[in-house]
>>> print(open('upload_35.pdb').read())   # PDB, C-alpha atoms and all ligand atoms
MODEL        1
ATOM      1  CA  MET A 750      72.662 105.654  40.312  1.00  0.00           C
ATOM      2  CA  SER A 751      75.096 103.281  38.629  1.00  0.00           C
ATOM      3  CA  SER A 752      75.696 100.008  36.777  1.00  0.00           C
ATOM      4  CA  VAL A 753      73.334 100.157  33.806  1.00  0.00           C
ATOM      5  CA  SER A 754      73.229  96.932  31.797  1.00  0.00           C
ATOM      6  CA  THR A 755      70.995  95.016  29.421  1.00  0.00           C
ATOM      7  CA  SER A 756      69.516  91.804  30.766  1.00  0.00           C
ATOM      8  CA  SER A 757      66.724  89.294  30.467  1.00  0.00           C
ATOM      9  CA  LEU A 758      63.908  89.069  33.012  1.00  0.00           C
ATOM     10  CA  GLY A 759      64.647  85.845  34.905  1.00  0.00           C
ATOM     11  CA  ASN A 760      63.524  84.594  38.292  1.00  0.00           C
ATOM     12  CA  ASP A 761      65.845  85.581  41.149  1.00  0.00           C
ATOM     13  CA  HIS A 762      65.699  82.111  42.682  1.00  0.00           C
ATOM     14  CA  ALA A 763      65.162  79.964  39.586  1.00  0.00           C
ATOM     15  CA  PRO A 764      67.079  81.452  36.637  1.00  0.00           C
ATOM     16  CA  ASP A 765      66.767  78.215  34.686  1.00  0.00           C
ATOM     17  CA  ARG A 766      63.071  78.907  34.173  1.00  0.00           C
ATOM     18  CA  GLY A 767      64.055  81.233  31.339  1.00  0.00           C
ATOM     19  CA  ALA A 768      63.307  84.816  30.476  1.00  0.00           C
ATOM     20  CA  ALA A 769      59.884  86.350  30.948  1.00  0.00           C
ATOM     21  CA  LEU A 770      58.141  88.933  28.801  1.00  0.00           C
ATOM     22  CA  CYS A 771      57.092  92.431  29.770  1.00  0.00           C
ATOM     23  CA  THR A 772      53.385  92.105  30.574  1.00  0.00           C
ATOM     24  CA  VAL A 773      52.902  95.798  29.752  1.00  0.00           C
ATOM     25  CA  CYS A 774      54.175  95.764  26.140  1.00  0.00           C
ATOM     26  CA  GLY A 775      55.323  92.203  25.335  1.00  0.00           C
ATOM     27  CA  SER A 776      59.020  93.024  24.916  1.00  0.00           C
ATOM     28  CA  ALA A 777      61.728  90.599  26.094  1.00  0.00           C
ATOM     29  CA  THR A 778      64.672  92.944  26.724  1.00  0.00           C
ATOM     30  CA  PHE A 779      65.395  94.835  29.901  1.00  0.00           C
ATOM     31  CA  THR A 780      67.988  97.169  31.398  1.00  0.00           C
ATOM     32  CA  SER A 781      69.147  97.152  34.993  1.00  0.00           C
ATOM     33  CA  ARG A 782      70.513  99.922  37.189  1.00  0.00           C
ATOM     34  CA  THR A 783      71.256 100.300  40.873  1.00  0.00           C
ATOM     35  CA  VAL A 784      68.730 102.490  42.656  1.00  0.00           C
ATOM     36  CA  LEU A 785      69.320 101.994  46.390  1.00  0.00           C
ATOM     37  CA  TRP A 786      71.579 104.385  48.284  1.00  0.00           C
ATOM     38  CA  GLU A 787      73.613 103.759  51.440  1.00  0.00           C
ATOM     39  CA  ARG A 788      71.456 105.774  53.832  1.00  0.00           C
ATOM     40  CA  LEU A 789      68.263 103.972  52.821  1.00  0.00           C
ATOM     41  CA  ILE A 790      70.014 100.584  52.962  1.00  0.00           C
ATOM     42  CA  SER A 791      71.101 101.386  56.521  1.00  0.00           C
ATOM     43  CA  GLU A 792      67.693 102.659  57.675  1.00  0.00           C
ATOM     44  CA  TRP A 793      65.940  99.675  56.097  1.00  0.00           C
ATOM     45  CA  GLN A 794      68.604  97.309  57.504  1.00  0.00           C
ATOM     46  CA  LEU A 795      68.784  95.384  54.232  1.00  0.00           C
ATOM     47  CA  SER A 796      70.972  92.285  53.890  1.00  0.00           C
ATOM     48  CA  PRO A 797      73.184  91.856  50.779  1.00  0.00           C
ATOM     49  CA  ASN A 798      70.596  89.522  49.202  1.00  0.00           C
ATOM     50  CA  GLU A 799      67.767  91.950  49.957  1.00  0.00           C
ATOM     51  CA  ILE A 800      69.745  94.800  48.391  1.00  0.00           C
ATOM     52  CA  VAL A 801      70.032  92.723  45.199  1.00  0.00           C
ATOM     53  CA  TYR A 802      66.338  92.037  44.817  1.00  0.00           C
ATOM     54  CA  VAL A 803      65.134  95.502  45.848  1.00  0.00           C
ATOM     55  CA  ASN A 804      67.499  96.982  43.243  1.00  0.00           C
ATOM     56  CA  HIS A 805      66.113  94.459  40.763  1.00  0.00           C
ATOM     57  CA  GLN A 806      62.506  95.419  41.680  1.00  0.00           C
ATOM     58  CA  GLN A 807      63.000  99.149  41.272  1.00  0.00           C
ATOM     59  CA  GLY A 808      65.865  99.301  38.765  1.00  0.00           C
ATOM     60  CA  THR A 809      65.116  96.662  36.119  1.00  0.00           C
ATOM     61  CA  SER A 810      62.967  98.099  33.356  1.00  0.00           C
ATOM     62  CA  CYS A 811      61.728  97.189  29.892  1.00  0.00           C
ATOM     63  CA  THR A 812      63.784  98.778  27.101  1.00  0.00           C
ATOM     64  CA  THR A 813      60.647  99.286  24.978  1.00  0.00           C
ATOM     65  CA  CYS A 814      58.059 100.750  27.382  1.00  0.00           C
ATOM     66  CA  ASN A 815      60.274 101.609  30.380  1.00  0.00           C
ATOM     67  CA  SER A 816      58.095  99.642  32.831  1.00  0.00           C
ATOM     68  CA  ASN A 817      59.942  98.433  35.901  1.00  0.00           C
ATOM     69  CA  LEU A 818      59.268  95.153  37.676  1.00  0.00           C
ATOM     70  CA  ARG A 819      56.518  96.510  39.896  1.00  0.00           C
ATOM     71  CA  SER A 820      54.634  97.796  36.836  1.00  0.00           C
ATOM     72  CA  ILE A 821      55.134  94.389  35.223  1.00  0.00           C
ATOM     73  CA  ALA A 822      53.816  92.659  38.369  1.00  0.00           C
ATOM     74  CA  LEU A 823      50.756  94.946  38.369  1.00  0.00           C
ATOM     75  CA  ALA A 824      50.077  94.259  34.690  1.00  0.00           C
ATOM     76  CA  SER A 825      50.314  90.526  35.476  1.00  0.00           C
ATOM     77  CA  ALA A 826      47.691  91.035  38.183  1.00  0.00           C
ATOM     78  CA  ILE A 827      45.390  92.828  35.716  1.00  0.00           C
ATOM     79  CA  GLN A 828      45.791  89.915  33.285  1.00  0.00           C
ATOM     80  CA  ILE A 829      44.618  87.524  36.009  1.00  0.00           C
ATOM     81  CA  ILE A 830      41.660  89.725  37.000  1.00  0.00           C
ATOM     82  CA  THR A 831      40.528  90.002  33.371  1.00  0.00           C
ATOM     83  CA  HIS A 832      41.320  86.360  32.481  1.00  0.00           C
ATOM     84  CA  SER A 833      43.620  87.574  29.721  1.00  0.00           C
ATOM     85  CA  THR A 834      47.152  86.744  28.612  1.00  0.00           C
ATOM     86  CA  CYS A 835      47.854  89.646  26.265  1.00  0.00           C
ATOM     87  CA  PRO A 836      50.065  92.609  27.241  1.00  0.00           C
ATOM     88  CA  LEU A 837      48.331  95.568  28.882  1.00  0.00           C
ATOM     89  CA  ARG A 838      49.135  97.705  25.809  1.00  0.00           C
ATOM     90  CA  ASP A 839      46.767  95.503  23.769  1.00  0.00           C
ATOM     91  CA  LEU A 840      44.419  94.563  26.597  1.00  0.00           C
ATOM     92  CA  VAL A 841      43.213  98.152  27.118  1.00  0.00           C
ATOM     93  CA  SER A 842      41.607  98.196  23.651  1.00  0.00           C
ATOM     94  CA  LEU A 843      39.489  95.103  24.345  1.00  0.00           C
ATOM     95  CA  ASP A 844      35.917  95.135  25.659  1.00  0.00           C
ATOM     96  CA  VAL A 845      36.967  93.214  28.763  1.00  0.00           C
ATOM     97  CA  MET A 846      38.897  96.298  29.901  1.00  0.00           C
ATOM     98  CA  GLN A 847      36.896  99.074  28.221  1.00  0.00           C
ATOM     99  CA  SER A 848      33.761  97.928  30.068  1.00  0.00           C
ATOM    100  CA  LEU A 849      35.378  98.314  33.504  1.00  0.00           C
ATOM    101  CA  LYS A 850      35.416 101.245  35.907  1.00  0.00           C
ATOM    102  CA  ILE A 851      39.004 101.616  37.137  1.00  0.00           C
ATOM    103  CA  LEU A 852      40.464 103.846  39.841  1.00  0.00           C
ATOM    104  CA  GLU A 853      44.213 104.516  39.773  1.00  0.00           C
ATOM    105  CA  ILE A 854      45.505 106.084  42.990  1.00  0.00           C
ATOM    106  CA  ASN A 855      48.676 108.115  42.428  1.00  0.00           C
ATOM    107  CA  GLU A 856      50.643 107.004  39.397  1.00  0.00           C
ATOM    108  CA  ALA A 857      50.833 103.213  39.415  1.00  0.00           C
ATOM    109  CA  GLY A 858      54.313 102.730  38.020  1.00  0.00           C
ATOM    110  CA  ASN A 859      54.302 103.055  34.250  1.00  0.00           C
ATOM    111  CA  LEU A 860      50.721 101.918  33.654  1.00  0.00           C
ATOM    112  CA  SER A 861      49.049 105.338  33.597  1.00  0.00           C
ATOM    113  CA  PRO A 862      49.496 106.040  29.843  1.00  0.00           C
ATOM    114  CA  TYR A 863      47.672 102.792  29.044  1.00  0.00           C
ATOM    115  CA  LEU A 864      44.979 103.035  31.732  1.00  0.00           C
ATOM    116  CA  ARG A 865      44.126 106.628  30.726  1.00  0.00           C
ATOM    117  CA  SER A 866      42.755 105.342  27.415  1.00  0.00           C
ATOM    118  CA  LEU A 867      39.934 103.488  29.193  1.00  0.00           C
ATOM    119  CA  HIS A 868      36.388 104.919  29.107  1.00  0.00           C
ATOM    120  CA  GLY A 869      35.820 104.071  32.753  1.00  0.00           C
ATOM    121  CA  TYR A 870      39.119 105.461  34.052  1.00  0.00           C
ATOM    122  CA  THR A 871      39.408 107.682  37.141  1.00  0.00           C
ATOM    123  CA  PHE A 872      42.666 109.055  38.527  1.00  0.00           C
ATOM    124  CA  GLY A 873      43.172 110.344  42.048  1.00  0.00           C
ATOM    125  CA  ALA A 874      46.373 111.622  43.632  1.00  0.00           C
ATOM    126  CA  TYR A 875      47.428 112.784  47.067  1.00  0.00           C
ATOM    127  CA  PRO A 876      46.663 115.285  48.585  1.00  0.00           C
ATOM    128  CA  GLU A 877      43.386 115.801  46.642  1.00  0.00           C
ATOM    129  CA  VAL A 878      42.638 112.110  47.131  1.00  0.00           C
ATOM    130  CA  ASP A 879      43.732 110.867  50.561  1.00  0.00           C
ATOM    131  CA  MET A 880      43.550 107.086  50.785  1.00  0.00           C
ATOM    132  CA  HIS A 881      42.291 107.348  54.376  1.00  0.00           C
ATOM    133  CA  ASP A 882      39.083 109.061  53.241  1.00  0.00           C
ATOM    134  CA  MET A 883      38.515 108.945  49.486  1.00  0.00           C
ATOM    135  CA  PRO A 884      35.948 111.230  47.789  1.00  0.00           C
ATOM    136  CA  PHE A 885      34.202 108.423  45.894  1.00  0.00           C
ATOM    137  CA  GLU A 886      30.851 106.708  46.382  1.00  0.00           C
ATOM    138  CA  SER A 887      30.839 103.218  47.839  1.00  0.00           C
ATOM    139  CA  ASN A 888      30.563 100.253  45.433  1.00  0.00           C
ATOM    140  CA  THR A 889      31.772 102.264  42.413  1.00  0.00           C
ATOM    141  CA  PHE A 890      34.828 100.631  40.811  1.00  0.00           C
ATOM    142  CA  ASP A 891      35.562  97.221  39.299  1.00  0.00           C
ATOM    143  CA  ILE A 892      39.332  97.588  39.820  1.00  0.00           C
ATOM    144  CA  VAL A 893      41.374  99.797  42.145  1.00  0.00           C
ATOM    145  CA  ILE A 894      45.116 100.066  41.475  1.00  0.00           C
ATOM    146  CA  HIS A 895      47.955 101.555  43.463  1.00  0.00           C
ATOM    147  CA  SER A 896      51.688 100.936  43.444  1.00  0.00           C
ATOM    148  CA  ASP A 897      54.283 101.532  46.169  1.00  0.00           C
ATOM    149  CA  THR A 898      51.930 103.941  47.924  1.00  0.00           C
ATOM    150  CA  LEU A 899      50.723 102.002  50.969  1.00  0.00           C
ATOM    151  CA  GLU A 900      54.086 102.201  52.753  1.00  0.00           C
ATOM    152  CA  HIS A 901      53.724 105.993  52.730  1.00  0.00           C
ATOM    153  CA  VAL A 902      50.275 106.245  54.369  1.00  0.00           C
ATOM    154  CA  ALA A 903      49.970 106.504  58.144  1.00  0.00           C
ATOM    155  CA  HIS A 904      47.238 103.874  58.523  1.00  0.00           C
ATOM    156  CA  PRO A 905      47.530 101.187  55.818  1.00  0.00           C
ATOM    157  CA  VAL A 906      44.588  99.058  57.030  1.00  0.00           C
ATOM    158  CA  ARG A 907      42.293 102.090  56.956  1.00  0.00           C
ATOM    159  CA  ALA A 908      43.528 102.946  53.454  1.00  0.00           C
ATOM    160  CA  LEU A 909      42.863  99.383  52.277  1.00  0.00           C
ATOM    161  CA  ALA A 910      39.416  99.492  53.895  1.00  0.00           C
ATOM    162  CA  GLU A 911      38.699 102.588  51.791  1.00  0.00           C
ATOM    163  CA  CYS A 912      39.759 100.668  48.680  1.00  0.00           C
ATOM    164  CA  HIS A 913      37.366  97.893  49.744  1.00  0.00           C
ATOM    165  CA  ARG A 914      34.535 100.393  50.274  1.00  0.00           C
ATOM    166  CA  VAL A 915      34.798 101.999  46.822  1.00  0.00           C
ATOM    167  CA  LEU A 916      35.009  98.644  45.011  1.00  0.00           C
ATOM    168  CA  ARG A 917      31.871  97.061  43.641  1.00  0.00           C
ATOM    169  CA  PRO A 918      30.979  93.625  45.042  1.00  0.00           C
ATOM    170  CA  GLY A 919      33.111  91.207  43.061  1.00  0.00           C
ATOM    171  CA  GLY A 920      35.668  93.914  42.302  1.00  0.00           C
ATOM    172  CA  ALA A 921      39.392  93.606  42.848  1.00  0.00           C
ATOM    173  CA  LEU A 922      42.172  95.705  44.288  1.00  0.00           C
ATOM    174  CA  CYS A 923      45.620  95.155  42.814  1.00  0.00           C
ATOM    175  CA  PHE A 924      48.669  96.764  44.337  1.00  0.00           C
ATOM    176  CA  THR A 925      52.377  96.564  45.033  1.00  0.00           C
ATOM    177  CA  VAL A 926      54.513  97.578  47.966  1.00  0.00           C
ATOM    178  CA  PRO A 927      58.219  96.918  48.484  1.00  0.00           C
ATOM    179  CA  ILE A 928      58.200  93.560  50.322  1.00  0.00           C
ATOM    180  CA  ILE A 929      61.152  92.152  52.259  1.00  0.00           C
ATOM    181  CA  VAL A 930      60.058  88.534  52.193  1.00  0.00           C
ATOM    182  CA  GLY A 931      62.336  87.227  54.963  1.00  0.00           C
ATOM    183  CA  ARG A 932      60.930  89.346  57.788  1.00  0.00           C
ATOM    184  CA  MET A 933      57.661  90.561  59.275  1.00  0.00           C
ATOM    185  CA  THR A 934      56.196  94.027  58.687  1.00  0.00           C
ATOM    186  CA  ARG A 935      57.675  96.851  60.769  1.00  0.00           C
ATOM    187  CA  ASN A 936      56.016 100.172  61.612  1.00  0.00           C
ATOM    188  CA  ARG A 937      58.643 102.947  61.687  1.00  0.00           C
ATOM    189  CA  THR A 938      56.935 104.996  64.430  1.00  0.00           C
ATOM    190  CA  GLY A 939      59.647 105.963  66.907  1.00  0.00           C
ATOM    191  CA  LEU A 940      62.460 105.173  64.461  1.00  0.00           C
ATOM    192  CA  PRO A 941      64.506 107.780  62.552  1.00  0.00           C
ATOM    193  CA  ARG A 942      62.578 109.189  59.600  1.00  0.00           C
ATOM    194  CA  SER A 943      63.248 107.249  56.393  1.00  0.00           C
ATOM    195  CA  TYR A 944      62.390 108.357  52.865  1.00  0.00           C
ATOM    196  CA  HIS A 945      62.028 106.781  49.447  1.00  0.00           C
ATOM    197  CA  GLY A 946      63.040 109.236  46.732  1.00  0.00           C
ATOM    198  CA  ASN A 947      63.931 112.879  47.208  1.00  0.00           C
ATOM    199  CA  GLU A 948      62.820 113.946  50.688  1.00  0.00           C
ATOM    200  CA  GLN A 949      63.548 117.620  49.902  1.00  0.00           C
ATOM    201  CA  ALA A 950      61.237 117.572  46.883  1.00  0.00           C
ATOM    202  CA  CYS A 951      58.150 116.082  48.525  1.00  0.00           C
ATOM    203  CA  PRO A 952      58.835 114.976  52.104  1.00  0.00           C
ATOM    204  CA  ASP A 953      55.322 113.902  53.119  1.00  0.00           C
ATOM    205  CA  ASP A 954      54.865 111.790  49.985  1.00  0.00           C
ATOM    206  CA  TYR A 955      58.159 109.934  50.404  1.00  0.00           C
ATOM    207  CA  LEU A 956      58.219 109.392  54.180  1.00  0.00           C
ATOM    208  CA  VAL A 957      58.049 105.674  54.958  1.00  0.00           C
ATOM    209  CA  HIS A 958      55.532 104.730  57.658  1.00  0.00           C
ATOM    210  CA  THR A 959      55.592 100.956  57.162  1.00  0.00           C
ATOM    211  CA  GLU A 960      58.227  98.494  55.948  1.00  0.00           C
ATOM    212  CA  PHE A 961      56.221  95.530  54.671  1.00  0.00           C
ATOM    213  CA  GLY A 962      57.306  91.930  55.075  1.00  0.00           C
ATOM    214  CA  ALA A 963      56.049  88.389  54.611  1.00  0.00           C
ATOM    215  CA  ASP A 964      52.790  89.132  56.469  1.00  0.00           C
ATOM    216  CA  ILE A 965      51.677  91.706  53.848  1.00  0.00           C
ATOM    217  CA  TRP A 966      48.765  89.416  52.921  1.00  0.00           C
ATOM    218  CA  THR A 967      47.174  89.945  56.368  1.00  0.00           C
ATOM    219  CA  TYR A 968      46.678  93.681  55.752  1.00  0.00           C
ATOM    220  CA  PRO A 969      43.929  93.438  53.106  1.00  0.00           C
ATOM    221  CA  LEU A 970      42.276  90.703  55.176  1.00  0.00           C
ATOM    222  CA  GLN A 971      42.230  93.061  58.196  1.00  0.00           C
ATOM    223  CA  ALA A 972      40.634  95.660  55.897  1.00  0.00           C
ATOM    224  CA  GLY A 973      37.685  93.423  55.004  1.00  0.00           C
ATOM    225  CA  PHE A 974      38.811  91.591  51.879  1.00  0.00           C
ATOM    226  CA  LYS A 975      38.002  87.881  51.876  1.00  0.00           C
ATOM    227  CA  ARG A 976      40.374  86.491  49.268  1.00  0.00           C
ATOM    228  CA  ILE A 977      44.011  87.330  48.546  1.00  0.00           C
ATOM    229  CA  GLU A 978      46.200  86.216  45.634  1.00  0.00           C
ATOM    230  CA  MET A 979      49.886  86.943  45.168  1.00  0.00           C
ATOM    231  CA  VAL A 980      51.364  87.260  41.677  1.00  0.00           C
ATOM    232  CA  ALA A 981      55.141  87.014  41.248  1.00  0.00           C
ATOM    233  CA  PRO A 982      56.426  87.193  37.668  1.00  0.00           C
ATOM    234  CA  VAL A 983      59.872  87.459  39.291  1.00  0.00           C
ATOM    235  CA  TYR A 984      60.242  86.233  42.878  1.00  0.00           C
ATOM    236  CA  PRO A 985      60.962  87.978  45.208  1.00  0.00           C
ATOM    237  CA  ALA A 986      61.672  91.125  43.192  1.00  0.00           C
ATOM    238  CA  ALA A 987      58.280  91.493  41.490  1.00  0.00           C
ATOM    239  CA  ILE A 988      55.252  90.672  43.622  1.00  0.00           C
ATOM    240  CA  ALA A 989      51.749  92.123  43.254  1.00  0.00           C
ATOM    241  CA  LEU A 990      48.719  91.374  45.407  1.00  0.00           C
ATOM    242  CA  ILE A 991      45.140  90.909  44.263  1.00  0.00           C
ATOM    243  CA  ALA A 992      42.486  91.394  46.964  1.00  0.00           C
ATOM    244  CA  ARG A 993      38.927  90.458  45.986  1.00  0.00           C
ATOM    245  CA  LYS A 994      35.739  91.963  47.395  1.00  0.00           C
ATOM    246  CA  GLU A 995      32.991  89.405  47.839  1.00  0.00           C
ATOM    247  CA  PRO A 996      31.380  87.965  45.780  1.00  0.00           C
ATOM    248  CA  ALA A 997      34.379  86.909  43.664  1.00  0.00           C
ATOM    249  CA  ILE A 998      34.267  87.721  39.940  1.00  0.00           C
TER
HETATM  250 ZN    ZN B   1      57.511  96.751  28.122  1.00  0.00          ZN
ENDMDL
END
>>> encode(input="upload_35.pdb", output="structure tokens")
Amino acid sequence: MSSVSTSSLGNDHAPDRGAALCTVCGSATFTSRTVLWERLISEWQLSPNEIVYVNHQQGTSCTTCNSNLRSIALASAIQIITHSTCPLRDLVSLDVMQSLKILEINEAGNLSPYLRSLHGYTFGAYPEVDMHDMPFESNTFDIVIHSDTLEHVAHPVRALAECHRVLRPGGALCFTVPIIVGRMTRNRTGLPRSYHGNEQACPDDYLVHTEFGADIWTYPLQAGFKRIEMVAPVYPAAIALIARKEPAI
């Protein structure tokens, strides 16, 4: 961990577009720190430019609510799903959110404190809730949310198919994974084991099975979703996907 600084939330490839706001709380100030370490950089085979935007994705956070860019990307996705422009902090008190049944799988970045206030909120975490075979009825939820989890499951298409199964028709999955946009997805089977986070603390949770790339959008399509949207409040550091179950809402 190093190099903490205060910054605005620009676009990695178009800084002249100006600063963005935190879609979780509405704040406009952010801090940045370096989060990648040499071993992970080597295993992931990241280029200097990729190191910059992965550090930005995981290490830039709102000074007010502490959300990092992936939480901000997820909150942007929820705004789109609910046809709203207000920050998640305010959105959760409105009928448009309170009327929804929402499943959060593992802790989706920094959104949990806000999502927990919803009447129709359900939380499930590994190992009690395994994304390969979730203990929920089919056609139950309006929104399913997970963040930087799919790269740690052995069979990501099966996990996404489970998300599709538990969604109501017209429901939406929104999720993030670390995406290296200049390459295709790589399965790490047969490669040295690679971990995100502290492998001693929770090795199964942090083991990386899949390194996602520019073809990430094909995974929810393989799982049965019919419509995919990508939301990038900061490209390429902050990208969230929305996958809709037919019929579209
Ligand atoms: Zn914030």
>>> residues_near_ligand(input="upload_35.pdb", ligand="ligand ZN 1 (chain B)", cutoff="6 Å", atoms="only C-alpha atoms and all ligand atoms", output="list in words")
Cys771, Val773, Cys774, Gly775, Ser776, Cys811, Thr813, Cys814 and Ser816 of chain A
>>> resolve_selection(input="upload_35.pdb", expression="the PyMOL selection byres (((chain A and resi 936) around 9) and not hetatm)", output="list in words")
Thr934, Arg935, Arg937, Thr938, Gly939, Leu940, Val957, His958, Thr959, Glu960 and Phe961 of chain A
>>> resolve_selection(input="upload_35.pdb", expression="the PyMOL selection byres (((chain A and resi 921) around 8) and not hetatm)", output="NGL selection string")
:A and (830 or 891-893 or 916 or 919-920 or 922-923 or 991-994)
>>> atom_distance(input="upload_35.pdb", atom1="atom CA of A:Gln847", atom2="atom CA of A:Arg865")
10.8 Å
>>> residues_around(input="upload_35.pdb", residues="stretch 796-798 of chain A", least_positions_apart="2", cutoff="12 Å", atoms="only C-alpha atoms", output="list in words")
Asp761, His762, Leu785, Glu787, Ile790, Ser791, Glu792, Trp793, Gln794, Ile800, Val801, Tyr802, Val803, Asn804, His805, Ile929, Val930, Gly931, Arg932, Pro985 and Ala986 of chain A
>>> residues_around(input="upload_35.pdb", residues="A:Leu843", least_positions_apart="3", cutoff="12 Å", atoms="all atoms listed in the file", output="list of chain:residue names")
A:Thr831, A:Ser833, A:Cys835, A:Pro836, A:Leu837, A:Arg838, A:Asp839, A:Leu840, A:Met846, A:Gln847, A:Ser848, A:Leu849, A:Ser866, A:Leu867, A:His868
>>> write_last_selection(input="upload_35.pdb", atoms="C-alpha atoms", output="compact mmCIF listing (two decimals), keeping the file's coordinate frame")
# COMPACT_ATOMS: atom_id res chain seq x y z
CA THR A 831 40.53 90.00 33.37
CA SER A 833 43.62 87.57 29.72
CA CYS A 835 47.85 89.65 26.26
CA PRO A 836 50.06 92.61 27.24
CA LEU A 837 48.33 95.57 28.88
CA ARG A 838 49.14 97.70 25.81
CA ASP A 839 46.77 95.50 23.77
CA LEU A 840 44.42 94.56 26.60
CA MET A 846 38.90 96.30 29.90
CA GLN A 847 36.90 99.07 28.22
CA SER A 848 33.76 97.93 30.07
CA LEU A 849 35.38 98.31 33.50
CA SER A 866 42.76 105.34 27.42
CA LEU A 867 39.93 103.49 29.19
CA HIS A 868 36.39 104.92 29.11
>>> build_atoms(input="upload_35.pdb", residues="stretch 828-844 of chain A", atoms="N, CA and C atoms", output="PDB file, keeping the file's coordinate frame")
ATOM      1  N   GLN A 828      46.057  91.060  34.176  1.00  0.00           N
ATOM      2  CA  GLN A 828      45.791  89.915  33.285  1.00  0.00           C
ATOM      3  C   GLN A 828      44.977  88.844  34.008  1.00  0.00           C
ATOM      4  N   ILE A 829      45.337  88.555  35.241  1.00  0.00           N
ATOM      5  CA  ILE A 829      44.618  87.524  36.009  1.00  0.00           C
ATOM      6  C   ILE A 829      43.180  87.968  36.278  1.00  0.00           C
ATOM      7  N   ILE A 830      43.007  89.217  36.682  1.00  0.00           N
ATOM      8  CA  ILE A 830      41.660  89.725  37.000  1.00  0.00           C
ATOM      9  C   ILE A 830      40.755  89.671  35.777  1.00  0.00           C
ATOM     10  N   THR A 831      41.328  89.948  34.599  1.00  0.00           N
ATOM     11  CA  THR A 831      40.528  90.002  33.371  1.00  0.00           C
ATOM     12  C   THR A 831      40.584  88.693  32.575  1.00  0.00           C
ATOM     13  N   HIS A 832      41.209  87.679  33.140  1.00  0.00           N
ATOM     14  CA  HIS A 832      41.320  86.360  32.481  1.00  0.00           C
ATOM     15  C   HIS A 832      41.927  86.504  31.085  1.00  0.00           C
ATOM     16  N   SER A 833      42.984  87.306  31.006  1.00  0.00           N
ATOM     17  CA  SER A 833      43.620  87.574  29.721  1.00  0.00           C
ATOM     18  C   SER A 833      45.105  87.234  29.793  1.00  0.00           C
ATOM     19  N   THR A 834      45.711  86.981  28.649  1.00  0.00           N
ATOM     20  CA  THR A 834      47.152  86.744  28.612  1.00  0.00           C
ATOM     21  C   THR A 834      47.885  87.773  27.760  1.00  0.00           C
ATOM     22  N   CYS A 835      47.158  88.706  27.150  1.00  0.00           N
ATOM     23  CA  CYS A 835      47.854  89.646  26.265  1.00  0.00           C
ATOM     24  C   CYS A 835      48.408  90.824  27.060  1.00  0.00           C
ATOM     25  N   PRO A 836      49.466  91.477  26.535  1.00  0.00           N
ATOM     26  CA  PRO A 836      50.065  92.609  27.241  1.00  0.00           C
ATOM     27  C   PRO A 836      49.051  93.726  27.474  1.00  0.00           C
ATOM     28  N   LEU A 837      49.253  94.488  28.536  1.00  0.00           N
ATOM     29  CA  LEU A 837      48.331  95.568  28.882  1.00  0.00           C
ATOM     30  C   LEU A 837      48.137  96.533  27.724  1.00  0.00           C
ATOM     31  N   ARG A 838      49.205  96.795  26.965  1.00  0.00           N
ATOM     32  CA  ARG A 838      49.135  97.705  25.809  1.00  0.00           C
ATOM     33  C   ARG A 838      48.012  97.306  24.860  1.00  0.00           C
ATOM     34  N   ASP A 839      47.823  95.994  24.658  1.00  0.00           N
ATOM     35  CA  ASP A 839      46.767  95.503  23.769  1.00  0.00           C
ATOM     36  C   ASP A 839      45.462  95.275  24.533  1.00  0.00           C
ATOM     37  N   LEU A 840      45.598  94.889  25.778  1.00  0.00           N
ATOM     38  CA  LEU A 840      44.419  94.563  26.597  1.00  0.00           C
ATOM     39  C   LEU A 840      43.484  95.760  26.759  1.00  0.00           C
ATOM     40  N   VAL A 841      44.053  96.983  26.862  1.00  0.00           N
ATOM     41  CA  VAL A 841      43.213  98.152  27.118  1.00  0.00           C
ATOM     42  C   VAL A 841      42.264  98.471  25.960  1.00  0.00           C
ATOM     43  N   SER A 842      42.509  97.922  24.780  1.00  0.00           N
ATOM     44  CA  SER A 842      41.607  98.196  23.651  1.00  0.00           C
ATOM     45  C   SER A 842      40.471  97.174  23.566  1.00  0.00           C
ATOM     46  N   LEU A 843      40.500  96.157  24.401  1.00  0.00           N
ATOM     47  CA  LEU A 843      39.489  95.103  24.345  1.00  0.00           C
ATOM     48  C   LEU A 843      38.296  95.439  25.243  1.00  0.00           C
ATOM     49  N   ASP A 844      37.136  94.881  24.896  1.00  0.00           N
ATOM     50  CA  ASP A 844      35.917  95.135  25.659  1.00  0.00           C
ATOM     51  C   ASP A 844      36.065  94.753  27.123  1.00  0.00           C
TER      52      ASP A 844
END
